[in-house]
file target30.cif (mmCIF, C-alpha atoms)
data_upload
#
loop_
_atom_site.label_atom_id
_atom_site.label_comp_id
_atom_site.auth_asym_id
_atom_site.auth_seq_id
_atom_site.Cartn_x
_atom_site.Cartn_y
_atom_site.Cartn_z
CA MET W 724 101.62 167.73 116.60
CA ASN W 725 104.16 169.97 114.90
CA LEU W 726 105.01 169.85 111.22
CA GLN W 727 108.37 168.14 111.70
CA THR W 728 106.78 165.25 113.58
CA LYS W 729 104.08 164.87 110.93
CA ILE W 730 106.65 164.70 108.14
CA THR W 731 108.69 162.13 110.11
CA LEU W 732 105.60 159.94 110.65
CA ILE W 733 104.80 160.08 106.94
CA LEU W 734 108.33 159.18 105.83
CA LEU W 735 108.82 156.24 108.23
CA PRO W 736 105.96 154.02 106.92
CA LEU W 737 107.10 154.64 103.35
CA VAL W 738 110.33 152.81 104.20
CA ILE W 739 109.27 150.40 106.96
CA VAL W 740 106.22 148.84 105.24
CA PRO W 741 108.09 147.80 102.05
CA LEU W 742 110.94 146.56 104.23
CA ILE W 743 108.61 144.33 106.28
CA ILE W 744 106.90 142.98 103.14
CA PHE W 745 110.29 142.26 101.59
CA GLY W 746 111.39 140.47 104.78
CA ILE W 747 108.27 138.28 104.93
CA LEU W 748 108.63 137.31 101.27
CA THR W 749 112.33 136.59 101.66
CA PHE W 750 111.77 134.49 104.77
CA SER W 751 108.91 132.53 103.17
CA ASN W 752 110.89 131.86 99.99
CA SER W 753 113.97 130.80 101.98
CA ARG W 754 111.90 128.40 104.08
CA ALA W 755 110.17 126.92 101.02
CA THR W 756 113.47 126.49 99.19
CA LEU W 757 115.14 124.88 102.20
CA GLU W 758 112.15 122.57 102.79
CA LYS W 759 112.25 121.40 99.18
CA LYS W 760 116.01 120.81 99.38
CA ILE W 761 115.76 118.76 102.59
CA ILE W 762 112.78 116.76 101.29
CA ASN W 763 114.76 115.92 98.14
CA GLU W 764 117.69 114.75 100.26
CA LEU W 765 115.42 112.62 102.45
CA GLU W 766 113.82 111.08 99.37
CA LEU W 767 117.26 110.22 98.00
CA ILE W 768 118.25 108.59 101.30
CA ALA W 769 114.97 106.64 101.49
CA ASP W 770 115.18 105.46 97.86
CA LEU W 771 118.82 104.45 98.25
CA LYS W 772 118.13 102.41 101.39
CA VAL W 773 115.13 100.73 99.77
CA ASP W 774 117.27 99.76 96.78
CA ILE W 775 120.04 98.37 99.00
CA LEU W 776 117.57 96.39 101.14
CA GLU W 777 115.94 94.90 98.06
CA SER W 778 119.36 94.04 96.61
CA PHE W 779 120.34 92.39 99.91
CA PHE W 780 117.29 90.13 99.91
CA LYS W 781 117.61 89.40 96.21
CA GLU W 782 121.05 88.05 97.03
CA ARG W 783 119.50 85.90 99.77
CA TYR W 784 117.00 84.65 97.20
CA SER W 785 119.89 83.77 94.89
CA ASP W 786 121.69 81.98 97.73
CA MET W 787 118.57 79.94 98.38
CA GLN W 788 118.21 79.03 94.70
CA THR W 789 121.76 77.70 94.77
CA ALA W 790 121.55 75.80 98.08
CA LYS W 791 118.22 74.06 97.55
CA ASP W 792 119.49 72.44 94.34
CA TYR W 793 122.70 71.00 95.81
CA TYR W 794 123.17 67.41 94.75
CA ILE W 795 124.26 66.34 98.22
CA LEU W 796 121.06 67.88 99.63
CA LYS W 797 118.78 66.02 97.24
CA SER W 798 120.69 62.77 97.78
CA ARG W 799 120.87 62.92 101.61
CA MET W 800 117.38 64.27 102.34
CA PRO W 801 115.69 60.85 102.04
CA ILE W 802 118.13 59.44 104.63
CA LEU W 803 117.51 62.33 107.04
CA LEU W 804 113.75 62.03 106.55
CA ARG W 805 113.88 58.34 107.42
CA LEU W 806 116.35 58.49 110.31
CA PHE W 807 116.13 62.02 111.83
CA ASP W 808 114.95 60.53 115.16
CA ASP W 809 117.89 58.10 115.26
CA ASN W 810 120.96 60.29 115.60
CA GLU W 811 123.33 57.39 116.10
CA HIS W 812 122.35 55.38 113.05
CA PRO W 813 125.41 54.93 110.79
CA ASP W 814 123.54 56.16 107.69
CA ASN W 815 122.39 59.27 109.56
CA ILE W 816 125.92 60.00 110.78
CA ALA W 817 127.34 59.48 107.29
CA ALA W 818 124.75 61.81 105.76
CA ARG W 819 125.56 64.54 108.30
CA GLU W 820 129.30 64.12 107.77
CA ILE W 821 128.79 64.88 104.08
CA LEU W 822 126.33 67.73 104.61
CA ASP W 823 128.09 69.48 107.52
CA PRO W 824 131.26 70.72 105.77
CA GLN W 825 129.53 72.07 102.69
CA LEU W 826 126.57 73.70 104.45
CA THR W 827 128.80 75.07 107.22
CA THR W 828 131.06 76.72 104.64
CA PHE W 829 128.02 78.07 102.79
CA MET W 830 126.56 79.46 106.04
CA GLU W 831 129.81 81.17 107.06
CA VAL W 832 130.61 82.60 103.62
CA TYR W 833 127.15 84.15 103.17
CA GLY W 834 126.71 85.18 106.81
CA TYR W 835 123.69 83.16 107.98
CA ASN W 836 123.05 82.24 111.61
CA ASP W 837 122.02 78.71 110.70
CA ILE W 838 120.77 76.50 107.88
CA VAL W 839 117.97 74.10 108.79
CA LEU W 840 116.30 71.26 106.89
CA LEU W 841 112.65 70.39 107.48
CA ASN W 842 110.44 67.48 106.47
CA PRO W 843 107.27 68.17 104.41
CA GLU W 844 105.33 68.82 107.65
CA GLY W 845 107.79 71.51 108.80
CA ILE W 846 109.54 69.31 111.39
CA ILE W 847 113.28 69.92 111.93
CA ILE W 848 115.41 67.00 110.67
CA TYR W 849 118.80 68.73 110.39
CA SER W 850 120.66 71.88 111.44
CA VAL W 851 124.19 73.10 110.80
CA ASP W 852 124.24 74.43 114.39
CA ASP W 853 125.02 71.31 116.43
CA PHE W 854 123.52 72.67 119.67
CA PHE W 855 120.31 73.71 117.93
CA ARG W 856 120.14 70.31 116.24
CA LYS W 857 120.45 68.44 119.52
CA THR W 858 117.79 70.51 121.30
CA ASN W 859 115.26 70.99 118.48
CA LEU W 860 115.39 67.88 116.30
CA GLY W 861 111.88 66.57 115.74
CA LYS W 862 110.21 69.88 116.66
CA SER W 863 108.38 72.38 114.46
CA MET W 864 110.51 75.27 113.23
CA ALA W 865 109.42 78.23 115.37
CA GLY W 866 109.27 81.73 113.93
CA PRO W 867 107.68 85.01 115.07
CA SER W 868 105.68 84.72 118.32
CA ASP W 869 107.02 81.16 118.67
CA GLN W 870 104.50 79.97 116.07
CA PRO W 871 105.43 77.40 113.40
CA ILE W 872 106.87 79.18 110.39
CA GLU W 873 104.93 79.56 107.19
CA THR W 874 106.22 77.19 104.52
CA LYS W 875 105.16 77.18 100.88
CA LYS W 876 105.51 74.13 98.69
CA ASP W 877 105.34 76.28 95.56
CA GLY W 878 107.77 79.08 96.41
CA PHE W 879 109.91 81.10 98.79
CA SER W 880 108.65 82.43 102.11
CA PHE W 881 110.01 85.33 104.20
CA SER W 882 109.07 85.39 107.88
CA HIS W 883 108.61 88.50 110.00
CA VAL W 884 111.48 89.59 112.24
CA PHE W 885 111.59 87.78 115.59
CA PHE W 886 113.89 87.21 118.57
CA HIS W 887 115.86 83.95 118.71
CA ASP W 888 117.15 82.96 122.17
CA GLU W 889 120.52 81.91 120.80
CA HIS W 890 121.05 84.15 117.76
CA GLY W 891 119.19 87.34 118.67
CA TYR W 892 116.98 89.15 116.15
CA GLU W 893 116.59 87.36 112.86
CA MET W 894 114.17 86.35 110.13
CA LEU W 895 113.70 83.12 108.21
CA ILE W 896 113.74 82.41 104.50
CA THR W 897 112.32 79.03 103.48
CA ALA W 898 112.05 77.25 100.14
CA PRO W 899 110.89 73.79 99.03
CA ILE W 900 113.41 71.07 98.18
CA LEU W 901 112.61 68.87 95.19
CA GLY W 902 114.01 65.38 94.64
CA PHE W 903 115.66 64.08 91.51
CA LYS W 904 112.24 63.44 89.95
CA ASP W 905 110.99 66.91 90.95
CA GLU W 906 108.96 65.43 93.79
CA PHE W 907 108.51 67.57 96.91
CA ILE W 908 110.65 66.15 99.75
CA GLY W 909 110.96 68.95 102.33
CA PHE W 910 112.15 72.49 103.05
CA ILE W 911 115.40 74.37 103.57
CA ALA W 912 115.45 77.40 105.89
CA PHE W 913 118.05 80.17 106.25
CA GLU W 914 118.25 82.10 109.52
CA VAL W 915 119.11 85.69 108.49
CA ASP W 916 120.92 87.79 111.08
CA MET W 917 119.16 91.17 111.40
CA ASN W 918 122.05 93.02 113.09
CA PRO W 919 123.78 94.04 109.82
CA ILE W 920 120.42 95.28 108.55
CA PHE W 921 119.84 97.25 111.75
CA ASP W 922 123.32 98.79 111.46
CA PHE W 923 122.62 99.81 107.88
CA ILE W 924 119.18 101.23 108.67
CA GLN W 925 120.56 103.18 111.64
CA ASP W 926 123.36 104.78 109.62
CA ARG W 927 122.60 108.50 110.12
CA LYS W 928 124.87 110.09 107.54
CA GLY W 929 123.18 113.18 106.16
CA LEU W 930 120.52 113.18 108.90
CA GLY W 931 122.02 115.64 111.39
CA GLN W 932 121.56 115.45 115.14
CA THR W 933 117.90 114.37 115.19
CA GLY W 934 117.36 112.47 111.94
CA GLU W 935 117.02 108.71 111.50
CA THR W 936 115.69 106.00 109.23
CA LEU W 937 113.40 103.24 110.44
CA ILE W 938 111.52 100.22 109.14
CA GLY W 939 108.21 98.62 110.08
CA HIS W 940 105.58 96.23 108.86
CA LYS W 941 101.82 95.98 109.04
CA ILE W 942 100.09 93.99 111.78
CA GLY W 943 96.33 94.32 111.55
CA GLU W 944 95.53 98.02 111.75
CA LYS W 945 98.93 98.97 113.19
CA ALA W 946 102.53 99.50 112.13
CA LEU W 947 105.12 97.58 114.17
CA PHE W 948 108.62 99.10 114.42
CA LEU W 949 111.26 96.56 113.38
CA ASN W 950 114.52 98.25 114.38
CA PRO W 951 115.95 100.12 117.37
CA LEU W 952 115.04 103.80 117.13
CA ARG W 953 117.42 106.71 117.65
CA HIS W 954 115.22 108.19 120.35
CA ASN W 955 114.09 104.82 121.73
CA PRO W 956 116.70 102.03 121.33
CA GLN W 957 114.36 99.50 123.01
CA ALA W 958 111.55 100.02 120.50
CA ILE W 959 112.31 96.98 118.32
CA LEU W 960 109.23 94.74 118.03
CA SER W 961 107.67 96.50 121.04
CA ILE W 962 106.19 99.79 119.74
CA THR W 963 103.25 100.10 117.36
CA ALA W 964 101.45 103.01 115.71
CA ASN W 965 97.73 102.90 114.96
CA PHE W 966 96.50 103.70 111.48
CA GLY W 967 94.69 107.01 111.26
CA GLU W 968 96.51 108.63 114.18
CA LYS W 969 98.48 111.84 113.80
CA ASN W 970 101.63 110.49 115.46
CA ALA W 971 103.91 108.25 113.37
CA TYR W 972 101.95 109.12 110.23
CA PRO W 973 104.88 108.40 107.83
CA ILE W 974 105.43 104.77 108.92
CA THR W 975 101.69 103.99 108.99
CA GLU W 976 101.42 105.28 105.43
CA ALA W 977 104.50 103.34 104.27
CA VAL W 978 103.41 99.94 105.64
CA GLN W 979 100.05 100.39 103.88
CA GLY W 980 101.84 100.56 100.55
CA ARG W 981 101.93 104.32 100.03
CA ASP W 982 104.96 106.47 99.18
CA GLY W 983 105.16 110.13 100.10
CA SER W 984 107.08 112.99 101.68
CA GLY W 985 106.56 116.31 103.43
CA LEU W 986 105.96 117.92 106.79
CA SER W 987 104.55 115.38 109.26
CA VAL W 988 104.62 114.13 112.87
CA ASP W 989 106.80 111.23 114.06
CA TYR W 990 106.31 108.56 116.75
CA ARG W 991 107.36 111.06 119.46
CA GLY W 992 104.76 113.60 118.42
CA GLU W 993 107.53 115.87 117.06
CA LYS W 994 107.09 117.81 113.83
CA VAL W 995 109.45 116.41 111.21
CA LEU W 996 110.30 116.53 107.55
CA ALA W 997 110.06 112.98 106.25
CA ALA W 998 110.10 110.74 103.19
CA TRP W 999 108.40 107.34 103.35
CA ARG W 1000 108.54 104.35 101.01
CA TYR W 1001 106.88 100.93 100.70
CA ILE W 1002 109.11 97.89 100.02
CA PRO W 1003 106.87 95.40 98.14
CA SER W 1004 109.30 92.46 98.19
CA LEU W 1005 109.41 92.49 102.01
CA ASP W 1006 106.03 94.07 102.77
CA TRP W 1007 107.91 96.63 104.87
CA GLY W 1008 107.69 100.39 105.15
CA LEU W 1009 110.75 102.65 105.44
CA VAL W 1010 110.95 106.25 106.70
CA ALA W 1011 113.79 108.78 106.56
CA LYS W 1012 113.15 111.87 108.70
CA ILE W 1013 114.66 114.83 110.55
CA ASP W 1014 113.18 117.14 113.18
CA MET W 1015 111.69 120.32 111.75
CA LEU W 1016 113.44 122.50 114.33
CA GLU W 1017 116.83 121.26 113.17
CA ALA W 1018 115.88 121.30 109.50
CA PHE W 1019 114.85 124.95 109.64
CA SER W 1020 117.54 126.13 112.06
CA SER W 1021 119.35 128.04 109.29
CA VAL W 1022 116.11 129.85 108.35
CA LYS W 1023 115.61 130.69 112.02
CA ASP W 1024 119.09 132.19 112.11
CA LEU W 1025 118.27 134.12 108.93
CA LYS W 1026 115.09 135.41 110.56
CA ARG W 1027 117.03 136.67 113.59
CA LEU W 1028 119.54 138.39 111.32
CA PHE W 1029 116.78 140.01 109.29
CA VAL W 1030 114.96 141.26 112.41
CA PHE W 1031 118.23 142.81 113.61
CA LEU W 1032 118.80 144.46 110.23
CA GLU W 1033 115.21 145.71 110.16
CA ILE W 1034 115.60 147.32 113.59
CA LEU W 1035 118.92 148.85 112.55
CA THR W 1036 117.40 150.10 109.30
CA VAL W 1037 114.43 151.63 111.13
CA LEU W 1038 116.78 153.52 113.44
CA ILE W 1039 118.81 154.81 110.50
CA VAL W 1040 115.65 155.74 108.60
CA PHE W 1041 114.30 157.48 111.68
CA ILE W 1042 117.44 159.62 111.98
CA ILE W 1043 117.34 160.41 108.24
CA ALA W 1044 113.62 161.19 108.46
CA LEU W 1045 114.27 163.62 111.29
CA TYR W 1046 116.93 165.34 109.27
CA ILE W 1047 114.78 165.49 106.12
CA SER W 1048 111.73 166.66 108.03
CA LYS W 1049 113.82 169.37 109.67
CA PHE W 1050 115.22 170.36 106.28
CA ILE W 1051 111.69 170.66 104.88
CA ALA W 1052 109.96 172.05 107.95
CA ASN W 1053 112.39 174.91 108.82
CA PRO W 1054 111.89 176.87 105.56
CA ILE W 1055 108.14 176.39 105.86
CA LYS W 1056 108.26 177.69 109.43
CA LYS W 1057 110.22 180.74 108.27
CA LEU W 1058 107.73 181.30 105.46
CA HIS W 1059 104.84 181.01 107.89
CA ALA W 1060 106.51 183.42 110.34
CA GLY W 1061 107.15 185.87 107.49
CA THR W 1062 103.54 185.81 106.34
CA GLU W 1063 102.42 186.55 109.87
CA ILE W 1064 104.79 189.58 110.05
CA ILE W 1065 103.50 190.89 106.71
CA ALA W 1066 99.93 190.24 107.80
CA ALA W 1067 100.65 192.31 110.92
CA GLY W 1068 101.36 195.31 108.64
CA ASN W 1069 105.09 195.19 108.13
CA LEU W 1070 104.97 195.28 104.33
CA ASP W 1071 108.70 195.87 104.06
CA HIS W 1072 109.53 192.43 105.57
CA LYS W 1073 111.24 190.14 103.04
CA VAL W 1074 110.54 186.42 102.95
#

call {"tool": "encode", "arguments": {"input": "target30.cif", "output": "C-alpha cells"}}
result
Amino acid sequence: MNLQTKITLILLPLVIVPLIIFGILTFSNSRATLEKKIINELELIADLKVDILESFFKERYSDMQTAKDYYILKSRMPILLRLFDDNEHPDNIAAREILDPQLTTFMEVYGYNDIVLLNPEGIIIYSVDDFFRKTNLGKSMAGPSDQPIETKKDGFSFSHVFFHDEHGYEMLITAPILGFKDEFIGFIAFEVDMNPIFDFIQDRKGLGQTGETLIGHKIGEKALFLNPLRHNPQAILSITANFGEKNAYPITEAVQGRDGSGLSVDYRGEKVLAAWRYIPSLDWGLVAKIDMLEAFSSVKDLKRLFVFLEILTVLIVFIIALYISKFIANPIKKLHAGTEIIAAGNLDHKV
C-alpha cells in the first residue's frame, strides 16, 4: 500500500466517523422530539373528547332532573299505572292527551329517540312514540342483549349501548319518579340516540390518514368496542379485546380505569402512538391514536435526506483526501528519492 493511499485511509475516518455519530444523534433527537409532540397532540384530543362527552351526558342528566319533576307527570302517573292495560278508557286517553304534547316537544327539542314511562316493576305504561307504545305496552323495557334494563329507585342509571330495531344504536337513561308526597311511583326513561356521539367520536381532525378515536367499555375480562372503527366500520358491539394481550392494549387499559400514552399496538396489530383515557361517569374508555409509520414519516424523510448528504459528503471528503494526501505524499516521495541518490554516492545532489 503506497503512502498516498495510507494517508487517504487515515483522513477518511477522521471525517466519516464524527459525521455518522452526528447523524445518529440528530436522527434520535428528531424522532424523540416528534414523538413527544405527537403524543401531546393525541393527549389534547383525548382530553377534549372526554370533556365533551362528559358535558353531553351531564346535560342529559340535567334534562332528566327537569322532566322527572314535571307536575303533569306526577299528576298523570297514577292514572297510567291504573289503566295502562286499558288504552280506550277515557281517563287514560285524557292523561295521554295532556302528556303527549309536552313530552313530544321535550323529546324533539333535546334530541331523544323516545321518552318512556315505567311502573315500579319496570313495565312500560307509556311512550311518546305511538308505534312503540302500541307494540310494547305492558312489557318490560328491554335494553342491551334484550334483557330488562337496570332501574334504580335511589338514582339515575345509564345502560350500555345496544341496537334498537326501530331507532338503531342507542342507550337508556332512567330515573325514579316521585309523587307529590315523595313516594316512589315509577320510572322515566330517555332513549339516547348514539349516532351524534359516533359522529363526534369519529371526527378525525388532526389525526392524519390513519388516526382515529374510539370508545369501549369493560365486559368481564374484555374490552368491547362501542363505535364503528376507521379500519373496521362493522366493529360496533361486535369486536372485543382480551385483557393482557398485546393487541388493542390502549383500549384494554382505558376501560380498566387507567390513563396513559405512548408507543403501543392497536386492534389491528399495528404499531401506533396513542393516548388513552378512562371516563368515570360512563365507565367507558377512550383512545386517540395514529399509525407509527405515518407519525414518523417526516423523520423517515429526514433520514433519507441525511443518508444522501452523508454519501455526498463522503465523496467530497474522499476527493479532498486524495488531493491532501497527494500534496503531502509527493514532497515525501521526492525527499525519499533524494536520500537514495545521496546514499548511492552522489553527494552533490540537492534535496

call {"tool": "resolve_selection", "arguments": {"input": "target30.cif", "expression": "the PyMOL selection byres ((chain W and resi 893-898) around 8)", "output": "ChimeraX atom specification"}}
result
/W:787,791,866,874-876,878-887,890-892,899-900,910-918

call {"tool": "residues_around", "arguments": {"input": "target30.cif", "residues": "Asp786 of chain W", "least_positions_apart": "6", "cutoff": "10 Å", "atoms": "all atoms listed in the file", "output": "ChimeraX atom specification"}}
result
/W:780,829-830,833,913

call {"tool": "write_last_selection", "arguments": {"input": "target30.cif", "atoms": "C-alpha atoms", "output": "PDB file, in the coordinates of the input"}}
result
ATOM      1  CA  PHE W 780     117.290  90.130  99.910  1.00  0.00           C
ATOM      2  CA  PHE W 829     128.020  78.070 102.790  1.00  0.00           C
ATOM      3  CA  MET W 830     126.560  79.460 106.040  1.00  0.00           C
ATOM      4  CA  TYR W 833     127.150  84.150 103.170  1.00  0.00           C
ATOM      5  CA  PHE W 913     118.050  80.170 106.250  1.00  0.00           C
TER       6      PHE W 913
END

call {"tool": "closest_residue", "arguments": {"input": "target30.cif", "among": "W:Ala964, W:Val1040, W:Lys857, W:Lys1073", "to": "Lys1057 of chain W", "atoms": "only C-alpha atoms"}}
result
W:Lys1073

call {"tool": "residues_around", "arguments": {"input": "target30.cif", "residues": "Pro956 of chain W", "least_positions_apart": "4", "cutoff": "12 Å", "atoms": "only C-alpha atoms", "output": "short mmCIF file (atom, residue, chain, number, x, y, z; two decimals) with C-alpha atoms, keeping the file's coordinate frame"}}
result
data_model
loop_
_atom_site.label_atom_id
_atom_site.label_comp_id
_atom_site.auth_asym_id
_atom_site.auth_seq_id
_atom_site.Cartn_x
_atom_site.Cartn_y
_atom_site.Cartn_z
CA PHE W 921 119.84 97.25 111.75
CA GLN W 925 120.56 103.18 111.64
CA GLU W 935 117.02 108.71 111.50
CA LEU W 937 113.40 103.24 110.44
CA PHE W 948 108.62 99.10 114.42
CA LEU W 949 111.26 96.56 113.38
CA ASN W 950 114.52 98.25 114.38
CA PRO W 951 115.95 100.12 117.37
CA LEU W 952 115.04 103.80 117.13
CA LEU W 960 109.23 94.74 118.03
CA SER W 961 107.67 96.50 121.04
CA ILE W 962 106.19 99.79 119.74
#

call {"tool": "resolve_selection", "arguments": {"input": "target30.cif", "expression": "the PyMOL selection byres ((chain W and resi 802-813) around 10)", "output": "list in words"}}
result
Leu796, Lys797, Ser798, Arg799, Met800, Pro801, Asp814, Asn815, Ile816, Ala817, Ala818, Arg819, Leu840, Leu841, Asn842, Pro843, Ile846, Ile847, Ile848, Tyr849, Lys857, Leu860, Gly861, Ile908 and Gly909 of chain W

call {"tool": "write_last_selection", "arguments": {"input": "target30.cif", "atoms": "C-alpha atoms", "output": "PDB file, in the coordinates of the input"}}
result
ATOM      1  CA  LEU W 796     121.060  67.880  99.630  1.00  0.00           C
ATOM      2  CA  LYS W 797     118.780  66.020  97.240  1.00  0.00           C
ATOM      3  CA  SER W 798     120.690  62.770  97.780  1.00  0.00           C
ATOM      4  CA  ARG W 799     120.870  62.920 101.610  1.00  0.00           C
ATOM      5  CA  MET W 800     117.380  64.270 102.340  1.00  0.00           C
ATOM      6  CA  PRO W 801     115.690  60.850 102.040  1.00  0.00           C
ATOM      7  CA  ASP W 814     123.540  56.160 107.690  1.00  0.00           C
ATOM      8  CA  ASN W 815     122.390  59.270 109.560  1.00  0.00           C
ATOM      9  CA  ILE W 816     125.920  60.000 110.780  1.00  0.00           C
ATOM     10  CA  ALA W 817     127.340  59.480 107.290  1.00  0.00           C
ATOM     11  CA  ALA W 818     124.750  61.810 105.760  1.00  0.00           C
ATOM     12  CA  ARG W 819     125.560  64.540 108.300  1.00  0.00           C
ATOM     13  CA  LEU W 840     116.300  71.260 106.890  1.00  0.00           C
ATOM     14  CA  LEU W 841     112.650  70.390 107.480  1.00  0.00           C
ATOM     15  CA  ASN W 842     110.440  67.480 106.470  1.00  0.00           C
ATOM     16  CA  PRO W 843     107.270  68.170 104.410  1.00  0.00           C
ATOM     17  CA  ILE W 846     109.540  69.310 111.390  1.00  0.00           C
ATOM     18  CA  ILE W 847     113.280  69.920 111.930  1.00  0.00           C
ATOM     19  CA  ILE W 848     115.410  67.000 110.670  1.00  0.00           C
ATOM     20  CA  TYR W 849     118.800  68.730 110.390  1.00  0.00           C
ATOM     21  CA  LYS W 857     120.450  68.440 119.520  1.00  0.00           C
ATOM     22  CA  LEU W 860     115.390  67.880 116.300  1.00  0.00           C
ATOM     23  CA  GLY W 861     111.880  66.570 115.740  1.00  0.00           C
ATOM     24  CA  ILE W 908     110.650  66.150  99.750  1.00  0.00           C
ATOM     25  CA  GLY W 909     110.960  68.950 102.330  1.00  0.00           C
TER      26      GLY W 909
END

call {"tool": "closest_residue", "arguments": {"input": "target30.cif", "among": "W:Ser863, W:Asn763, W:Asn965, W:Gln957", "to": "Lys941 of chain W", "atoms": "all atoms listed in the file"}}
result
W:Asn965

call {"tool": "resolve_selection", "arguments": {"input": "target30.cif", "expression": "the PyMOL selection byres ((chain W and resi 825) around 10)", "output": "PyMOL selection string"}}
result
chain W and resi 790+793+795-796+820-824+826-830+851

call {"tool": "closest_residue", "arguments": {"input": "target30.cif", "among": "W:Ile959, W:Leu776, W:Val832, W:Ile762", "to": "Met1015 of chain W", "atoms": "all atoms listed in the file"}}
result
W:Ile762

call {"tool": "residues_around", "arguments": {"input": "target30.cif", "residues": "Val1010 of chain W", "least_positions_apart": "4", "cutoff": "8 Å", "atoms": "all atoms listed in the file", "output": "PyMOL selection string"}}
result
chain W and resi 769+936-938+973-974+977+997-1000

call {"tool": "atom_distance", "arguments": {"input": "target30.cif", "atom1": "atom CA of Glu777 of chain W", "atom2": "atom CA of Gly1008 of chain W"}}
result
12.2 Å

call {"tool": "atom_distance", "arguments": {"input": "target30.cif", "atom1": "atom CA of Leu765 of chain W", "atom2": "atom CA of Thr975 of chain W"}}
result
17.5 Å

call {"tool": "atom_distance", "arguments": {"input": "target30.cif", "atom1": "atom CA of Leu996 of chain W", "atom2": "atom CA of Glu764 of chain W"}}
result
10.5 Å

call {"tool": "closest_residue", "arguments": {"input": "target30.cif", "among": "W:Trp1007, W:Tyr835, W:Phe923, W:Tyr1001", "to": "Gly983 of chain W", "atoms": "only C-alpha atoms"}}
result
W:Tyr1001

call {"tool": "closest_residue", "arguments": {"input": "target30.cif", "among": "W:Ala958, W:Ser1020, W:Gly934, W:His940", "to": "Glu976 of chain W", "atoms": "all atoms listed in the file"}}
result
W:His940

call {"tool": "decode", "arguments": {"input": "target30.cif", "residues": "segment 1037-1042 of chain W", "atoms": "all heavy atoms", "output": "short mmCIF file (atom, residue, chain, number, x, y, z; two decimals), in the first residue's frame"}}
result
data_model
loop_
_atom_site.label_atom_id
_atom_site.label_comp_id
_atom_site.auth_asym_id
_atom_site.auth_seq_id
_atom_site.Cartn_x
_atom_site.Cartn_y
_atom_site.Cartn_z
N VAL W 1037 -19.11 12.14 1.93
CA VAL W 1037 -18.03 11.16 1.86
C VAL W 1037 -17.30 11.27 0.53
O VAL W 1037 -16.06 11.23 0.47
CB VAL W 1037 -18.57 9.73 2.07
CG1 VAL W 1037 -17.53 8.69 1.70
CG2 VAL W 1037 -19.00 9.54 3.51
N LEU W 1038 -18.06 11.44 -0.55
CA LEU W 1038 -17.44 11.58 -1.87
C LEU W 1038 -16.57 12.82 -1.92
O LEU W 1038 -15.44 12.80 -2.44
CB LEU W 1038 -18.51 11.63 -2.96
CG LEU W 1038 -19.27 10.32 -3.23
CD1 LEU W 1038 -20.40 10.57 -4.23
CD2 LEU W 1038 -18.31 9.26 -3.77
N ILE W 1039 -17.10 13.94 -1.39
CA ILE W 1039 -16.34 15.19 -1.39
C ILE W 1039 -15.08 15.04 -0.54
O ILE W 1039 -13.98 15.45 -0.93
CB ILE W 1039 -17.22 16.35 -0.88
CG1 ILE W 1039 -18.36 16.62 -1.88
CG2 ILE W 1039 -16.38 17.62 -0.68
CD1 ILE W 1039 -19.39 17.60 -1.38
N VAL W 1040 -15.27 14.43 0.64
CA VAL W 1040 -14.13 14.23 1.55
C VAL W 1040 -13.09 13.33 0.91
O VAL W 1040 -11.88 13.54 1.05
CB VAL W 1040 -14.61 13.66 2.90
CG1 VAL W 1040 -13.42 13.19 3.75
CG2 VAL W 1040 -15.41 14.70 3.66
N PHE W 1041 -13.56 12.32 0.19
CA PHE W 1041 -12.64 11.39 -0.48
C PHE W 1041 -11.79 12.13 -1.51
O PHE W 1041 -10.56 11.93 -1.58
CB PHE W 1041 -13.42 10.27 -1.15
CG PHE W 1041 -12.55 9.26 -1.85
CD1 PHE W 1041 -11.81 8.33 -1.12
CD2 PHE W 1041 -12.47 9.24 -3.24
CE1 PHE W 1041 -11.00 7.41 -1.78
CE2 PHE W 1041 -11.68 8.33 -3.89
CZ PHE W 1041 -10.93 7.40 -3.15
N ILE W 1042 -12.43 12.99 -2.29
CA ILE W 1042 -11.70 13.77 -3.30
C ILE W 1042 -10.70 14.70 -2.63
O ILE W 1042 -9.53 14.81 -3.05
CB ILE W 1042 -12.68 14.57 -4.18
CG1 ILE W 1042 -13.54 13.61 -5.02
CG2 ILE W 1042 -11.93 15.55 -5.08
CD1 ILE W 1042 -14.70 14.28 -5.71
#
